[in-house]
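Undergrad: Dropping the structure in here first, questions after.
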Amino acid sequence: MPFNTPTSPHQLAPTSITRVMVMVMLALIPGIIAYVWFFGWGVVINICIALVTALSCEALILKLRQRPLTPSLSDGSAALTAILIALTLPPLSPWWLTVIGVAFAIIIAKQLYGGLGFNPFNPAMVGYVMLLISFPREMTSWIPPSALADNSLDFLETALFILFHTLPDGVTFDALTEATPLDSLKTHIALGNTVDEVRAQLGLDEEASRVLSVIPIFGAIGGKGWEWIGGGFLLGGLWLIYKKVISWHIPVAMLGSLLAMSSIFYLIDPEHYATPMFHLFSGAAMLGAFFIATDPVTAAASNRGKIIYGCGIGIFTYVIRTWGGYPDAVAFAVLLLNMCAPLIDHYFKSSVFGHKKG
Amino acid sequence: MANSSYNELTYNGLWKNNVALVQVLGLCPLLAVTTTTVNGIGLGIATTLTLVLSNITVSLIRNSVRAEIRIPIFVLIIASFVTAIELAMNAYFYDLYKILGIFIPLIVTNCAILGRAEAFASKNAVVPSFIDGLMMGVGFTVILVLLGAVRELLGQGTLFAQAHLMFGEAAEWMTITVIDDYNGFLLAVLPPGAFIGLGLLIALKNVIDQRAQKKAAQATAVETNTDSAVTTTG
């Protein structure tokens, strides 16, 4: 059987997988700091649980497959998958949610296909989508940004809740949680409200919101808190491009097409379509553009292919967010384009050195 | 089909040549209806019945059918049996009939049935054909039930839910709630759960086969080695 390799990895720099993975993890730090600032310690605990699960699942499967443990365990790819899944989960998700999602991602989506480099789908997104369709209630119970919540939990209380599902006296889970900005915007538009009305209702300044006892979840441009997290990931992503760990093609194509789509519809009917900036700085757009869609294993390989691939993700993200059943769509869009990546590679091969560009 | 001893036929149908795990035929109903154990039993019995009846009939007329038109004839036979079974289920198991819906008429298109008619019944006598149909059907049913049980257990935390659809009101006791107050792992009930579940079952069968092969190879190796007085054991 001919083995069609789309491009040859003519790389001169001494780039190891471990180095790339560590740099990607470093680039996540600004986003994670913003995350902790707005949503509390839950995300840190989730990352720890996810890391332990990912490494033990990886070790277990490598043992079953009778492969050497150290190269795969120390390359950091499982750890990165774990961190990405933990970042997509609600900060107060119970421990078993993280464990199931990460185990599914590592065992089914990565190792059963042959391990790193052979998985057709992004493992982190497979794990996330599996959780989203299996446990819709747990996966949509977000807490509002802590600056707004009346009763935010400290580190110990968060850990107790995640591990044992116990809350301090007088606090109920329903009182803590809240739909995400993308989610509530969708619900309200379906109810016939316009974007401005929703933002006016849910984006009040703190004084007015206390009077009306509504939690303002919309910030200046995106969701409150979300815009800072998005900014953090944007910063990390730009550093990755500067360091040449990822190329600019996929993030620019994805964010560009998301911007284009949302601008077109915003200009047509600003009452029913959210602003372009809201789309860019809400949900997983930034995280997806720089850290998830750029996964070299599952993305298209050539530069032109990467642009098509990124555009596809951006367009699908907008389409599913606006007309689909789920509030955020980056994960679905990434998986859809993962499926198309081999086809894109087939039609957009990178030119071979010494030949004319064609 | 030189060696069609009944043991061989049974082993073939249940394990070695299992319709679902090895031939991977009849996937459409297999994946679609196995959301619960009872659905699996219902469809399994209907399919087994069709297989047995069509195998017997095809075997009976195998010498009087011209080779050129045998496939339409086989399909006609299978379709008439399926119609009869569908009407019977409509009459006696109405609720189950409603749940299984389109998948009962679709038994006609289950390749496993036409496959056995063509590959076995049209070349063999009635009794072996009957055994073959029965064992292939039972092998298929076992996988339907197994997959249904796994998906029901993960998806709803019960086993044999709605058993009364199949066995009447007296069978309500059969429903076992394994995990109380269970939220449900929806993926198991949704279509991806069926694909992943079947894949894991096939993998499990391959592992068991490989283990058995290794053991057999070791056994023969030990037998040949005993003469040279090896003292190690285990």
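Just so we're on the same page: first chain in the structure tokens is A, next is B, and so on; residues restart at 1 for each chain, and ligands are numbered from 1 in the order they show up.
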Excluding same-chain residues fewer than 4 positions from Ser5 of chain B, what lies within 9 Å of it counting only C-alpha atoms, as a PDB file with N, CA and C atoms, in the first residue's frame?
TA:
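out_6.pdb, freshly written:
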```pdb
ATOM      1  N   LEU B   9     -20.420 -26.735  13.029  1.00  0.00           N
ATOM      2  CA  LEU B   9     -21.399 -25.700  12.682  1.00  0.00           C
ATOM      3  C   LEU B   9     -21.696 -24.815  13.875  1.00  0.00           C
ATOM      4  N   THR B  10     -21.839 -25.452  15.041  1.00  0.00           N
ATOM      5  CA  THR B  10     -22.146 -24.686  16.240  1.00  0.00           C
ATOM      6  C   THR B  10     -21.000 -23.739  16.570  1.00  0.00           C
ATOM      7  N   PRO B 128     -28.322 -29.943   8.377  1.00  0.00           N
ATOM      8  CA  PRO B 128     -27.201 -29.027   8.605  1.00  0.00           C
ATOM      9  C   PRO B 128     -27.591 -27.567   8.372  1.00  0.00           C
TER      10      PRO B 128
END
```
Undergrad: For a quick test of understanding: name the residues of chain B lying within 10 Å of chain A when counting only C-alpha atoms, and present them as a PyMOL selection string.
TA: chain B and resi 155+183-190+192+196
Undergrad: Would you pick out the contacts of Ile77 of chain B at 9 Å or less, using only C-alpha atoms, so that residues sharing its chain but fewer than 4 positions from it are not included, and give the list as a list in words?
TA: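 The neighbour list is Ser54, Thr57, Val58, Pro72, Ile73, Phe81 and Val82 of chain B.
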Undergrad: Can you tell me which residues surround segment 317-334 of chain A at a distance of at most 10 Å, considering only C-alpha atoms, apart from same-chain residues fewer than 4 positions away, and format the answer as JSON, numbers by chain?
TA: {"A": [88, 121, 122, 124, 125, 126, 127, 128, 129, 132, 133, 136, 140, 179, 180, 181, 182, 183, 184, 185, 186, 187, 189, 254, 255, 257, 258, 259, 260, 261, 262, 272, 273, 274, 279, 282, 283, 284, 285, 286, 287, 288, 289, 292, 293, 294, 298, 299, 309, 310, 311, 312, 313, 338, 339, 340]}
Undergrad: Using Å and a single decimal, report how far atom CA of Ile246 of chain A sits from atom CA of Phe348 of chain A.
TA: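 Rounded to one decimal, the two atoms are 19.0 Å apart.
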Undergrad: Just list as a VMD selection string whatever in chain B DSSP marks as helix (DSSP H, G or I).
TA: chain B and resid 6 to 16 27 to 33 37 to 60 67 to 92 94 to 103 105 to 109 111 to 119 121 to 123 126 to 156 164 to 167 169 to 174 186 to 189 191 to 228
Undergrad: I need the residues in segment 41-179 of chain B that are strand (DSSP E) according to DSSP; give them as a ChimeraX atom specification.
TA: /B:158-159,176-177
Undergrad: Include N, CA and C atoms and write out the residues we just selected as an mmCIF file, in the first residue's frame.
TA:
```
data_model
loop_
_atom_site.group_PDB
_atom_site.id
_atom_site.type_symbol
_atom_site.label_atom_id
_atom_site.label_comp_id
_atom_site.auth_asym_id
_atom_site.auth_seq_id
_atom_site.Cartn_x
_atom_site.Cartn_y
_atom_site.Cartn_z
ATOM 1 N N THR B 158 -29.437 0.417 34.233
ATOM 2 C CA THR B 158 -30.360 -0.696 34.490
ATOM 3 C C THR B 158 -30.018 -1.866 33.572
ATOM 4 N N LEU B 159 -30.657 -2.995 33.826
ATOM 5 C CA LEU B 159 -30.580 -4.136 32.917
ATOM 6 C C LEU B 159 -31.993 -4.660 32.716
ATOM 7 N N ILE B 176 -33.520 -4.941 36.419
ATOM 8 C CA ILE B 176 -32.588 -4.775 37.528
ATOM 9 C C ILE B 176 -32.046 -3.358 37.471
ATOM 10 N N THR B 177 -32.223 -2.626 38.552
ATOM 11 C CA THR B 177 -31.590 -1.309 38.618
ATOM 12 C C THR B 177 -30.239 -1.498 39.286
#
```
Undergrad: At what distance in Å, to one decimal, does atom CA of Ile29 of chain A lie from atom CA of Ile47 of chain A?
TA: 12.2 Å
Undergrad: Report, in Å to a single decimal, how far apart atom CA of Ala103 of chain A and atom CA of Val52 of chain A are.
TA: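 Separation of atom CA of Val52 of chain A and atom CA of Ala103 of chain A: 10.2 Å.
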Undergrad: Considering only C-alpha atoms, state which residue in the set B:Asn39, B:Ser59, B:Asn110, B:Asn90 is at the smallest distance from Val127 of chain B.
TA: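 Of the candidates, the smallest distance to Val127 of chain B is held by B:Ser59.
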